[in-house]
$ cat my_file_18.csv   # CSV, C-alpha atoms and all ligand atoms
chain,number,residue,atom,x,y,z
B,1,MET,CA,29.8,39.7,7.0
B,2,LYS,CA,30.5,38.2,10.4
B,3,LYS,CA,33.3,35.8,11.5
B,4,GLY,CA,32.5,32.5,13.2
B,5,PHE,CA,34.2,29.4,14.5
B,6,ILE,CA,32.5,26.0,13.9
B,7,THR,CA,32.4,23.8,17.0
B,8,LYS,CA,29.9,21.1,16.0
B,9,ILE,CA,28.6,19.3,13.0
B,10,ILE,CA,25.6,17.0,12.9
B,11,SER,CA,24.8,16.0,9.4
B,12,ASN,CA,24.5,19.3,7.5
B,13,GLN,CA,23.9,21.5,10.6
B,14,TYR,CA,26.7,23.5,11.9
B,15,THR,CA,27.0,25.0,15.3
B,16,LEU,CA,29.1,28.1,15.1
B,17,ILE,CA,30.3,30.7,17.7
B,18,ASP,CA,30.1,34.3,16.6
B,19,LEU,CA,33.7,35.5,17.4
B,20,GLU,CA,32.4,39.0,18.3
B,21,THR,CA,29.3,38.3,20.4
B,22,LYS,CA,30.4,34.8,21.5
B,23,LYS,CA,26.8,33.7,20.9
B,24,SER,CA,26.3,30.3,19.3
B,25,HIS,CA,24.1,29.8,16.2
B,26,ILE,CA,22.9,26.9,14.1
B,27,ALA,CA,24.0,27.5,10.6
B,28,VAL,CA,23.9,26.0,7.1
B,29,ALA,CA,26.3,26.2,4.3
B,30,ARG,CA,25.0,27.2,0.9
B,31,GLY,CA,26.1,24.1,-1.0
B,32,LYS,CA,29.9,23.5,-1.3
B,33,LEU,CA,32.2,26.5,-0.9
B,34,ARG,CA,35.1,27.5,-3.0
B,35,TYR,CA,38.5,26.9,-1.4
B,36,GLN,CA,42.1,27.1,-2.5
B,37,VAL,CA,44.3,24.0,-1.9
B,38,VAL,CA,47.5,22.4,-3.1
B,39,ASP,CA,46.9,20.7,-6.5
B,40,GLU,CA,48.0,17.1,-5.9
B,41,GLU,CA,47.8,16.2,-9.6
B,42,SER,CA,49.9,19.0,-10.9
B,43,SER,CA,53.0,17.6,-12.6
B,44,PHE,CA,55.0,20.6,-11.2
B,45,ASN,CA,54.0,19.6,-7.7
B,46,ILE,CA,54.9,15.9,-8.2
B,47,LYS,CA,58.5,16.9,-9.1
B,48,GLN,CA,58.8,19.3,-6.2
B,49,THR,CA,60.1,18.2,-2.9
B,50,LYS,CA,59.7,21.4,-1.0
B,51,ARG,CA,56.1,22.0,0.0
B,52,SER,CA,56.2,25.8,0.2
B,53,LYS,CA,55.7,26.9,-3.4
B,54,LEU,CA,53.3,24.3,-4.7
B,55,GLU,CA,50.7,25.1,-7.3
B,56,GLN,CA,47.3,25.8,-6.0
B,57,LYS,CA,43.9,25.1,-7.4
B,58,ILE,CA,40.4,26.1,-6.5
B,59,MET,CA,38.1,23.4,-5.4
B,60,THR,CA,34.8,23.2,-3.6
B,61,ILE,CA,34.6,21.8,-0.1
B,62,THR,CA,32.2,21.6,2.8
B,63,PRO,CA,33.1,23.3,6.1
B,64,LYS,CA,34.3,21.2,9.0
B,65,VAL,CA,34.7,21.5,12.8
B,66,GLY,CA,37.6,23.9,13.6
B,67,ASP,CA,36.9,26.1,10.6
B,68,TYR,CA,36.8,29.8,10.8
B,69,VAL,CA,34.1,31.1,8.5
B,70,ASN,CA,32.4,34.2,7.2
B,71,PHE,CA,28.7,34.0,7.9
B,72,ASP,CA,25.6,36.3,7.9
B,73,PHE,CA,21.9,36.3,8.8
B,74,VAL,CA,19.8,35.9,5.7
B,75,GLU,CA,16.1,36.2,6.5
B,76,ASP,CA,15.5,33.6,9.2
B,77,GLN,CA,18.6,31.6,8.5
B,78,VAL,CA,22.3,31.7,9.4
B,79,ILE,CA,24.3,31.1,6.2
B,80,ILE,CA,28.0,30.2,5.9
B,81,PHE,CA,29.6,31.9,2.9
B,82,ASP,CA,33.3,31.3,3.0
B,83,ILE,CA,35.8,29.1,4.8
B,84,LEU,CA,38.9,31.0,5.9
B,85,PRO,CA,42.3,29.4,5.1
B,86,ARG,CA,43.1,26.4,7.3
B,87,LYS,CA,46.4,26.2,9.0
B,88,ASN,CA,46.1,22.4,9.0
B,89,ASP,CA,43.5,19.9,8.1
B,90,LEU,CA,43.0,16.3,9.3
B,91,VAL,CA,40.7,13.8,7.6
B,92,ARG,CA,40.4,11.3,10.5
B,93,PRO,CA,39.2,13.0,12.7
B,94,ASP,CA,37.6,15.5,10.4
B,95,VAL,CA,38.9,18.6,12.0
B,96,SER,CA,40.9,21.7,10.9
B,97,ASN,CA,43.1,24.4,12.6
B,98,ILE,CA,44.4,22.1,15.4
B,99,ASP,CA,46.9,23.5,17.8
B,100,GLN,CA,48.2,20.2,19.1
B,101,VAL,CA,47.6,16.5,19.0
B,102,LEU,CA,47.9,14.4,22.1
B,103,LEU,CA,48.9,10.9,21.1
B,104,VAL,CA,47.6,8.5,23.8
B,105,PHE,CA,49.5,5.2,23.9
B,106,SER,CA,49.3,2.6,26.6
B,107,ALA,CA,52.5,1.2,28.2
B,108,VAL,CA,50.9,-2.3,28.0
B,109,ASP,CA,47.7,-4.0,27.0
B,110,PRO,CA,47.9,-3.2,24.1
B,111,ALA,CA,51.7,-3.1,24.1
B,112,PHE,CA,53.4,0.2,23.2
B,113,SER,CA,53.6,0.3,19.4
B,114,PHE,CA,56.6,2.2,18.0
B,115,HIS,CA,55.3,1.4,14.6
B,116,LEU,CA,52.1,3.2,15.1
B,117,LEU,CA,53.9,6.1,16.8
B,118,ASP,CA,56.2,6.6,13.9
B,119,ARG,CA,53.3,6.4,11.5
B,120,LEU,CA,51.3,9.0,13.3
B,121,LEU,CA,54.3,11.3,13.6
B,122,VAL,CA,54.6,11.3,9.8
B,123,VAL,CA,51.0,12.6,9.4
B,124,ILE,CA,51.4,15.1,12.2
B,125,ASN,CA,54.8,16.4,10.9
B,126,GLN,CA,53.3,16.7,7.5
B,127,GLN,CA,50.4,18.8,8.8
B,128,GLU,CA,52.9,20.7,11.0
B,129,ILE,CA,51.0,20.1,14.2
B,130,PRO,CA,52.9,20.0,17.5
B,131,ALA,CA,52.5,16.6,19.2
B,132,LEU,CA,52.5,15.5,22.8
B,133,LEU,CA,52.7,11.9,23.8
B,134,VAL,CA,50.7,10.6,26.8
B,135,VAL,CA,51.8,7.1,27.9
B,136,SER,CA,48.9,5.6,29.9
B,137,LYS,CA,48.5,2.6,32.1
B,138,ILE,CA,51.9,3.0,33.8
B,139,ASP,CA,50.5,1.2,36.8
B,140,LEU,CA,50.0,-2.0,34.9
B,141,ILE,CA,53.6,-2.4,33.6
B,142,GLU,CA,56.5,-4.0,35.4
B,143,GLU,CA,59.0,-1.5,36.7
B,144,GLU,CA,61.9,-2.8,34.7
B,145,GLN,CA,59.8,-2.6,31.5
B,146,LEU,CA,58.7,0.9,32.2
B,147,LYS,CA,62.3,1.9,32.7
B,148,GLN,CA,63.2,0.5,29.3
B,149,LEU,CA,60.2,2.2,27.6
B,150,LYS,CA,61.2,5.5,29.1
B,151,GLU,CA,64.8,4.9,27.9
B,152,ASP,CA,63.6,4.2,24.3
B,153,LEU,CA,61.2,7.1,24.3
B,154,LYS,CA,64.0,9.5,25.3
B,155,TYR,CA,65.0,9.4,21.7
B,156,TYR,CA,61.7,11.1,20.8
B,157,GLU,CA,62.3,14.1,23.0
B,158,LYS,CA,63.7,15.9,20.0
B,159,ILE,CA,60.6,15.2,17.9
B,160,ILE,CA,57.8,15.4,20.4
B,161,GLU,CA,57.2,18.5,22.5
B,162,ASN,CA,56.4,16.7,25.7
B,163,ILE,CA,56.1,13.1,27.0
B,164,VAL,CA,53.8,12.6,29.9
B,165,TYR,CA,53.3,9.3,31.9
B,166,VAL,CA,49.9,8.9,33.4
B,167,ASN,CA,47.9,6.6,35.6
B,168,SER,CA,44.4,7.9,34.8
B,169,LYS,CA,42.6,5.7,37.4
B,170,GLN,CA,44.6,7.2,40.3
B,171,LYS,CA,44.8,10.5,38.4
B,172,ILE,CA,48.6,10.4,38.7
B,173,GLY,CA,50.3,12.6,36.1
B,174,VAL,CA,46.9,14.0,34.9
B,175,ASP,CA,47.4,17.3,36.6
B,176,VAL,CA,50.4,18.0,34.4
B,177,LEU,CA,48.0,17.8,31.4
B,178,PHE,CA,45.6,20.6,32.6
B,179,ASP,CA,48.0,23.4,31.6
B,180,VAL,CA,48.7,21.7,28.3
B,181,PHE,CA,45.1,22.3,27.1
B,182,LYS,CA,44.9,26.0,28.1
B,183,ASP,CA,43.5,28.1,25.1
B,184,LYS,CA,44.2,25.4,22.6
B,185,VAL,CA,42.3,23.2,20.2
B,186,SER,CA,43.6,19.8,21.1
B,187,VAL,CA,42.9,16.4,19.4
B,188,LEU,CA,43.2,13.3,21.5
B,189,ALA,CA,44.1,10.4,19.3
B,190,GLY,CA,44.6,6.8,20.3
B,191,GLN,CA,43.8,3.2,19.5
B,192,THR,CA,40.9,1.5,21.1
B,193,GLY,CA,41.9,0.1,24.5
B,194,VAL,CA,44.7,2.5,25.4
B,195,GLY,CA,42.6,4.1,28.1
B,196,LYS,CA,41.7,7.2,26.3
B,197,SER,CA,38.2,7.2,27.8
B,198,THR,CA,39.5,6.9,31.3
B,199,LEU,CA,41.9,9.8,30.6
B,200,VAL,CA,39.1,12.0,29.2
B,201,ASN,CA,37.0,11.1,32.3
B,202,ALA,CA,39.8,12.1,34.6
B,203,LEU,CA,40.1,15.4,32.8
B,204,ILE,CA,36.5,16.2,32.3
B,205,PRO,CA,34.2,14.1,34.4
B,206,GLY,CA,30.9,13.4,32.6
B,207,LEU,CA,32.2,14.1,29.0
B,208,GLU,CA,32.5,10.4,28.2
B,209,LEU,CA,28.9,9.8,29.1
B,210,LYS,CA,27.8,12.7,26.9
B,211,THR,CA,29.8,11.4,23.8
B,212,GLN,CA,28.4,7.9,24.4
B,213,ALA,CA,24.8,9.2,24.5
B,214,ILE,CA,25.3,11.2,21.3
B,215,SER,CA,26.8,8.2,19.3
B,216,LYS,CA,24.0,6.0,20.6
B,217,ALA,CA,21.4,8.5,19.5
B,218,LEU,CA,23.0,8.8,16.1
B,219,GLY,CA,23.3,5.0,15.7
B,220,ARG,CA,26.7,3.3,15.7
B,221,GLY,CA,27.9,1.9,12.4
B,222,LYS,CA,25.7,4.2,10.3
B,223,HIS,CA,27.8,6.3,8.0
B,224,THR,CA,25.0,8.5,6.8
B,225,THR,CA,25.3,11.0,9.6
B,226,ARG,CA,28.4,13.1,10.1
B,227,HIS,CA,29.1,14.1,13.7
B,228,THR,CA,32.1,15.8,15.1
B,229,GLU,CA,32.2,18.1,18.1
B,230,LEU,CA,34.7,20.3,19.9
B,231,TYR,CA,34.1,20.3,23.7
B,232,PRO,CA,35.0,23.5,25.6
B,233,PHE,CA,37.8,22.8,28.0
B,234,ARG,CA,40.3,25.1,29.8
B,235,ASP,CA,39.4,28.0,27.5
B,236,GLY,CA,40.2,25.9,24.5
B,237,TYR,CA,38.5,22.9,22.9
B,238,LEU,CA,39.0,19.2,23.0
B,239,VAL,CA,38.2,16.7,20.2
B,240,ASP,CA,37.9,13.1,21.3
B,241,THR,CA,38.2,10.8,18.4
B,242,PRO,CA,37.2,7.1,18.2
B,243,GLY,CA,40.1,4.7,17.8
B,244,PHE,CA,41.6,4.9,14.3
B,245,SER,CA,41.7,1.8,12.2
B,246,LYS,CA,44.1,2.7,9.4
B,247,ILE,CA,46.1,5.7,8.5
B,248,ASP,CA,47.0,6.3,4.9
B,249,PHE,CA,49.9,8.5,3.9
B,250,LEU,CA,48.9,11.3,1.7
B,251,LEU,CA,52.2,11.8,0.0
B,252,PHE,CA,52.8,12.6,-3.6
B,253,HIS,CA,56.2,10.9,-3.9
B,254,GLU,CA,58.5,8.6,-2.0
B,255,ASP,CA,61.0,11.5,-1.9
B,256,GLU,CA,58.7,13.3,0.5
B,257,LEU,CA,58.7,10.8,3.4
B,258,LYS,CA,62.2,11.7,4.7
B,259,GLN,CA,61.3,15.3,5.3
B,260,PHE,CA,58.7,14.2,7.9
B,261,PHE,CA,61.5,12.4,9.8
B,262,PRO,CA,63.1,15.5,11.2
B,263,ASP,CA,65.8,13.5,13.0
B,264,PHE,CA,66.9,12.1,9.6
B,265,ALA,CA,66.6,15.4,7.8
B,266,GLN,CA,69.3,17.0,9.9
B,267,LEU,CA,71.8,14.3,8.9
B,268,SER,CA,71.0,14.4,5.1
B,269,GLU,CA,73.6,17.0,4.3
B,270,SER,CA,76.3,14.5,5.4
B,271,CYS,CA,74.9,11.8,3.0
B,272,ARG,CA,77.0,11.3,-0.1
B,273,PHE,CA,73.9,12.1,-2.2
B,274,GLY,CA,72.9,14.9,0.2
B,275,TYR,CA,69.2,15.8,0.2
B,276,SER,CA,68.3,13.4,-2.6
B,277,CYS,CA,69.4,10.4,-0.5
B,278,LEU,CA,66.5,8.1,0.3
B,279,HIS,CA,68.6,6.5,3.1
B,280,GLU,CA,67.8,3.2,1.6
B,281,ASN,CA,70.5,1.5,-0.5
B,282,GLU,CA,72.7,4.5,-1.2
B,283,PRO,CA,76.4,4.2,-0.2
B,284,ASN,CA,77.9,6.5,2.4
B,285,CYS,CA,74.5,7.3,3.9
B,286,ALA,CA,74.8,9.3,7.2
B,287,VAL,CA,71.4,8.1,8.4
B,288,LYS,CA,72.3,4.4,8.0
B,289,LYS,CA,75.6,5.1,9.7
B,290,ALA,CA,73.7,6.7,12.6
B,291,VAL,CA,71.5,3.7,12.9
B,292,GLN,CA,74.6,1.5,13.2
B,293,ASN,CA,76.1,3.8,15.8
B,294,LYS,CA,72.7,3.7,17.7
B,295,GLU,CA,72.3,7.4,17.3
B,296,ILE,CA,69.0,6.6,15.5
B,297,LEU,CA,66.6,4.2,17.2
B,298,PRO,CA,66.8,1.0,15.0
B,299,SER,CA,63.0,0.5,15.2
B,300,ARG,CA,62.5,4.1,13.8
B,301,TYR,CA,64.7,3.3,10.8
B,302,GLU,CA,62.9,0.0,10.2
B,303,ASN,CA,59.6,1.8,10.2
B,304,TYR,CA,60.9,4.4,7.8
B,305,ILE,CA,61.8,1.6,5.4
B,306,ILE,CA,58.4,0.0,5.8
B,307,PHE,CA,56.6,3.3,5.1
B,308,LEU,CA,58.9,3.9,2.1
B,309,THR,CA,58.0,0.6,0.6
B,310,GLU,CA,54.3,1.3,1.3
B,311,ILE,CA,54.5,4.6,-0.6
B,312,LYS,CA,56.3,3.0,-3.5
B,313,ASN,CA,53.7,0.2,-3.8
B,314,GLN,CA,50.9,2.8,-3.5
B,315,LYS,CA,52.3,4.5,-6.6
B,316,GLU,CA,52.6,1.3,-8.6
B,317,ARG,CA,48.8,0.9,-8.2
B,318,TYR,CA,48.2,3.9,-10.5
Q,401,ZN,ZN,71.2,9.0,3.4
$ encode --input "my_file_18.csv" --output "C-alpha cells"
Amino acid sequence: MKKGFITKIISNQYTLIDLETKKSHIAVARGKLRYQVVDEESSFNIKQTKRSKLEQKIMTITPKVGDYVNFDFVEDQVIIFDILPRKNDLVRPDVSNIDQVLLVFSAVDPAFSFHLLDRLLVVINQQEIPALLVVSKIDLIEEEQLKQLKEDLKYYEKIIENIVYVNSKQKIGVDVLFDVFKDKVSVLAGQTGVGKSTLVNALIPGLELKTQAISKALGRGKHTTRHTELYPFRDGYLVDTPGFSKIDFLLFHEDELKQFFPDFAQLSESCRFGYSCLHENEPNCAVKKAVQNKEILPSRYENYIIFLTEIKNQKERY
C-alpha cells in the first residue's frame, strides 16, 4: 500500500500526490471508507466537558482535500482504501489537516466585525487550528479609526498568533505574509468584499483567474459538483474559500463554549463555581469582574453571551 495526499476533488475524482515519488495521480475511492470519529450522540460524551477521552464510533465517510490516504494501483485504476486519522476537519471549506487559518477581515467596507471574529475563533479553537488575522484595506480607513482598531485588536494578541495589517493594492504588508505560508497548509477565510481576492492576487498573481475559470466551468450555484482544491504555494498549499454565509457551532452542550474562549478559561478557577461557571448569571464570577475592569473586551463577552444563548436555543429544538 502506498501513501498519498489529496490536493483536489472534482465530483468523485481525487487528485493525489504519491508521498514517495511526488507524482500526481487521479484516483477513486471504493465507496465510502471506514473512519473512527467522536460519537456525538453518546450519552457519556454529552456529559463530558473534556474532549480528550470521548467515546469513538466507526462511521463511513468520503475522503476530502487535505486527507492522507492509503492507495494502490489496481488494474488500470488508482484506488483509495483508507483515510489516515485527521488532525482537524473543517466542513466549510471541506478540508482536513489544516496547519493554519488566515482570517481576512477588512478594516472598513464592510466594517470590521468583532462578532464574526469571535464566532470564527470558537470554531478554530475547537478544531485546535492556529489562527492569524489579516486586516485588509488599511488604506481606506481614517487614521484615527485605524488607531482605535489596532488598540482593540491588541486584546486578541493572546489568542491569535499574529495580526498583520495589509494594503494589498500597494502590496504593503503583504511581504510579511510570504514567510507565514512556508511549508504549511493554509486556509484563507473571509467574508465577501473584504479584499481576499486582491490579497490572493498580490500573493500569487494569476491564481484568482484560475479559480474563477474553474468555478465558471463547473457552473456557479449548482451544488451537484463538489470542487475543492489546494494550490501549491511556498512549499505548502493554499485553500481559497468562497465567502462564508453562516457558521454553525458544532457543540454538544452549552458547557463547552467557554473552553473555546481561552482568555476566559484562565480566569475560571477564580470563579465561585470554578470550572462549572458559565460566566452568565452566577455570583462572584471572575470573568464578569474582568469585563467590568476592562480586562476582557466588552464586545467579546457580549458575543460569548449571544453564542451561549444560540447553543441553548439549538438544544431546545431537539
Ligand atoms: Zn464565571
$ closest_residue --input "my_file_18.csv" --among "B:Glu295, B:Glu269, B:Asp89, B:Asp139" --to "ligand ZN 401 (chain Q)" --atoms "all atoms listed in the file"
B:Glu269
$ atom_distance --input "my_file_18.csv" --atom1 "atom CA of Lys3 of chain B" --atom2 "atom CA of Leu16 of chain B"
9.5 Å
$ closest_atom_pairs --input "my_file_18.csv" --of "chain B" --to "ligand ZN 401 (chain Q)" --cutoff "10 Å" --atoms "only C-alpha atoms and all ligand atoms" --output "Markdown table"
| residue | atom | partner | partner_atom | distance |
| --- | --- | --- | --- | --- |
| B:Lys258 | CA | Q:ZN401 | ZN | 9.5 |
| B:Phe264 | CA | Q:ZN401 | ZN | 8.2 |
| B:Ala265 | CA | Q:ZN401 | ZN | 9.0 |
| B:Leu267 | CA | Q:ZN401 | ZN | 7.7 |
| B:Ser268 | CA | Q:ZN401 | ZN | 5.7 |
| B:Glu269 | CA | Q:ZN401 | ZN | 8.4 |
| B:Ser270 | CA | Q:ZN401 | ZN | 7.8 |
| B:Cys271 | CA | Q:ZN401 | ZN | 4.7 |
| B:Arg272 | CA | Q:ZN401 | ZN | 7.2 |
| B:Phe273 | CA | Q:ZN401 | ZN | 6.9 |
| B:Gly274 | CA | Q:ZN401 | ZN | 6.9 |
| B:Tyr275 | CA | Q:ZN401 | ZN | 7.8 |
| B:Ser276 | CA | Q:ZN401 | ZN | 8.0 |
| B:Cys277 | CA | Q:ZN401 | ZN | 4.5 |
| B:Leu278 | CA | Q:ZN401 | ZN | 5.7 |
| B:His279 | CA | Q:ZN401 | ZN | 3.6 |
| B:Glu280 | CA | Q:ZN401 | ZN | 7.0 |
| B:Asn281 | CA | Q:ZN401 | ZN | 8.5 |
| B:Glu282 | CA | Q:ZN401 | ZN | 6.6 |
| B:Pro283 | CA | Q:ZN401 | ZN | 7.9 |
| B:Asn284 | CA | Q:ZN401 | ZN | 7.2 |
| B:Cys285 | CA | Q:ZN401 | ZN | 3.7 |
| B:Ala286 | CA | Q:ZN401 | ZN | 5.2 |
| B:Val287 | CA | Q:ZN401 | ZN | 5.1 |
| B:Lys288 | CA | Q:ZN401 | ZN | 6.6 |
| B:Lys289 | CA | Q:ZN401 | ZN | 8.6 |
| B:Ala290 | CA | Q:ZN401 | ZN | 9.8 |
$ residues_around --input "my_file_18.csv" --residues "Leu19 of chain B" --least-positions-apart "3" --cutoff "8 Å" --atoms "only C-alpha atoms" --output "PDB file with C-alpha atoms, keeping the file's coordinate frame"
ATOM      1  CA  LYS B   3      33.300  35.800  11.500  1.00  0.00           C
ATOM      2  CA  GLY B   4      32.500  32.500  13.200  1.00  0.00           C
ATOM      3  CA  PHE B   5      34.200  29.400  14.500  1.00  0.00           C
ATOM      4  CA  LYS B  22      30.400  34.800  21.500  1.00  0.00           C
ATOM      5  CA  LYS B  23      26.800  33.700  20.900  1.00  0.00           C
TER       6      LYS B  23
END
$ closest_residue --input "my_file_18.csv" --among "B:Glu254, B:Asp263, B:Glu143, B:Asp175" --to "Asn313 of chain B" --atoms "all atoms listed in the file"
B:Glu254
$ residues_around --input "my_file_18.csv" --residues "Phe178 of chain B" --least-positions-apart "3" --cutoff "8 Å" --atoms "only C-alpha atoms" --output "PyMOL selection string"
chain B and resi 174-175+181-182+203+234
$ closest_residue --input "my_file_18.csv" --among "B:Val187, B:Leu177, B:Val91, B:Leu84" --to "Pro130 of chain B" --atoms "all atoms listed in the file"
B:Val187
$ closest_residue --input "my_file_18.csv" --among "B:Ser299, B:Thr60, B:Asn293, B:Gln266" --to "Arg119 of chain B" --atoms "all atoms listed in the file"
B:Ser299
$ atom_distance --input "my_file_18.csv" --atom1 "atom CA of Glu128 of chain B" --atom2 "atom CA of Tyr155 of chain B"
19.7 Å
$ closest_residue --input "my_file_18.csv" --among "B:Ala111, B:Leu117, B:Ala202, B:Ile296" --to "Ala131 of chain B" --atoms "only C-alpha atoms"
B:Leu117
$ residues_around --input "my_file_18.csv" --residues "Lys184 of chain B" --least-positions-apart "2" --cutoff "12 Å" --atoms "all atoms listed in the file" --output "MDAnalysis selection string"
chainID B and resid 66 97:102 130 178:182 186:187 230:239
$ write_last_selection --input "my_file_18.csv" --atoms "C-alpha atoms" --output "compact mmCIF listing (two decimals), in the frame of the given file"
# COMPACT_ATOMS: atom_id res chain seq x y z
CA GLY B 66 37.60 23.90 13.60
CA ASN B 97 43.10 24.40 12.60
CA ILE B 98 44.40 22.10 15.40
CA ASP B 99 46.90 23.50 17.80
CA GLN B 100 48.20 20.20 19.10
CA VAL B 101 47.60 16.50 19.00
CA LEU B 102 47.90 14.40 22.10
CA PRO B 130 52.90 20.00 17.50
CA PHE B 178 45.60 20.60 32.60
CA ASP B 179 48.00 23.40 31.60
CA VAL B 180 48.70 21.70 28.30
CA PHE B 181 45.10 22.30 27.10
CA LYS B 182 44.90 26.00 28.10
CA SER B 186 43.60 19.80 21.10
CA VAL B 187 42.90 16.40 19.40
CA LEU B 230 34.70 20.30 19.90
CA TYR B 231 34.10 20.30 23.70
CA PRO B 232 35.00 23.50 25.60
CA PHE B 233 37.80 22.80 28.00
CA ARG B 234 40.30 25.10 29.80
CA ASP B 235 39.40 28.00 27.50
CA GLY B 236 40.20 25.90 24.50
CA TYR B 237 38.50 22.90 22.90
CA LEU B 238 39.00 19.20 23.00
CA VAL B 239 38.20 16.70 20.20
$ atom_distance --input "my_file_18.csv" --atom1 "atom CA of Glu151 of chain B" --atom2 "atom CA of Thr192 of chain B"
25.1 Å
$ closest_residue --input "my_file_18.csv" --among "B:Ala107, B:Val123, B:His253, B:Glu229" --to "Gln145 of chain B" --atoms "only C-alpha atoms"
B:Ala107
$ residues_around --input "my_file_18.csv" --residues "Ile172 of chain B" --least-positions-apart "4" --cutoff "10 Å" --atoms "only C-alpha atoms" --output "CSV table (one decimal) with C-alpha atoms, in the frame of the given file"
chain,number,residue,atom,x,y,z
B,138,ILE,CA,51.9,3.0,33.8
B,139,ASP,CA,50.5,1.2,36.8
B,165,TYR,CA,53.3,9.3,31.9
B,166,VAL,CA,49.9,8.9,33.4
B,167,ASN,CA,47.9,6.6,35.6
B,168,SER,CA,44.4,7.9,34.8
B,176,VAL,CA,50.4,18.0,34.4
B,202,ALA,CA,39.8,12.1,34.6
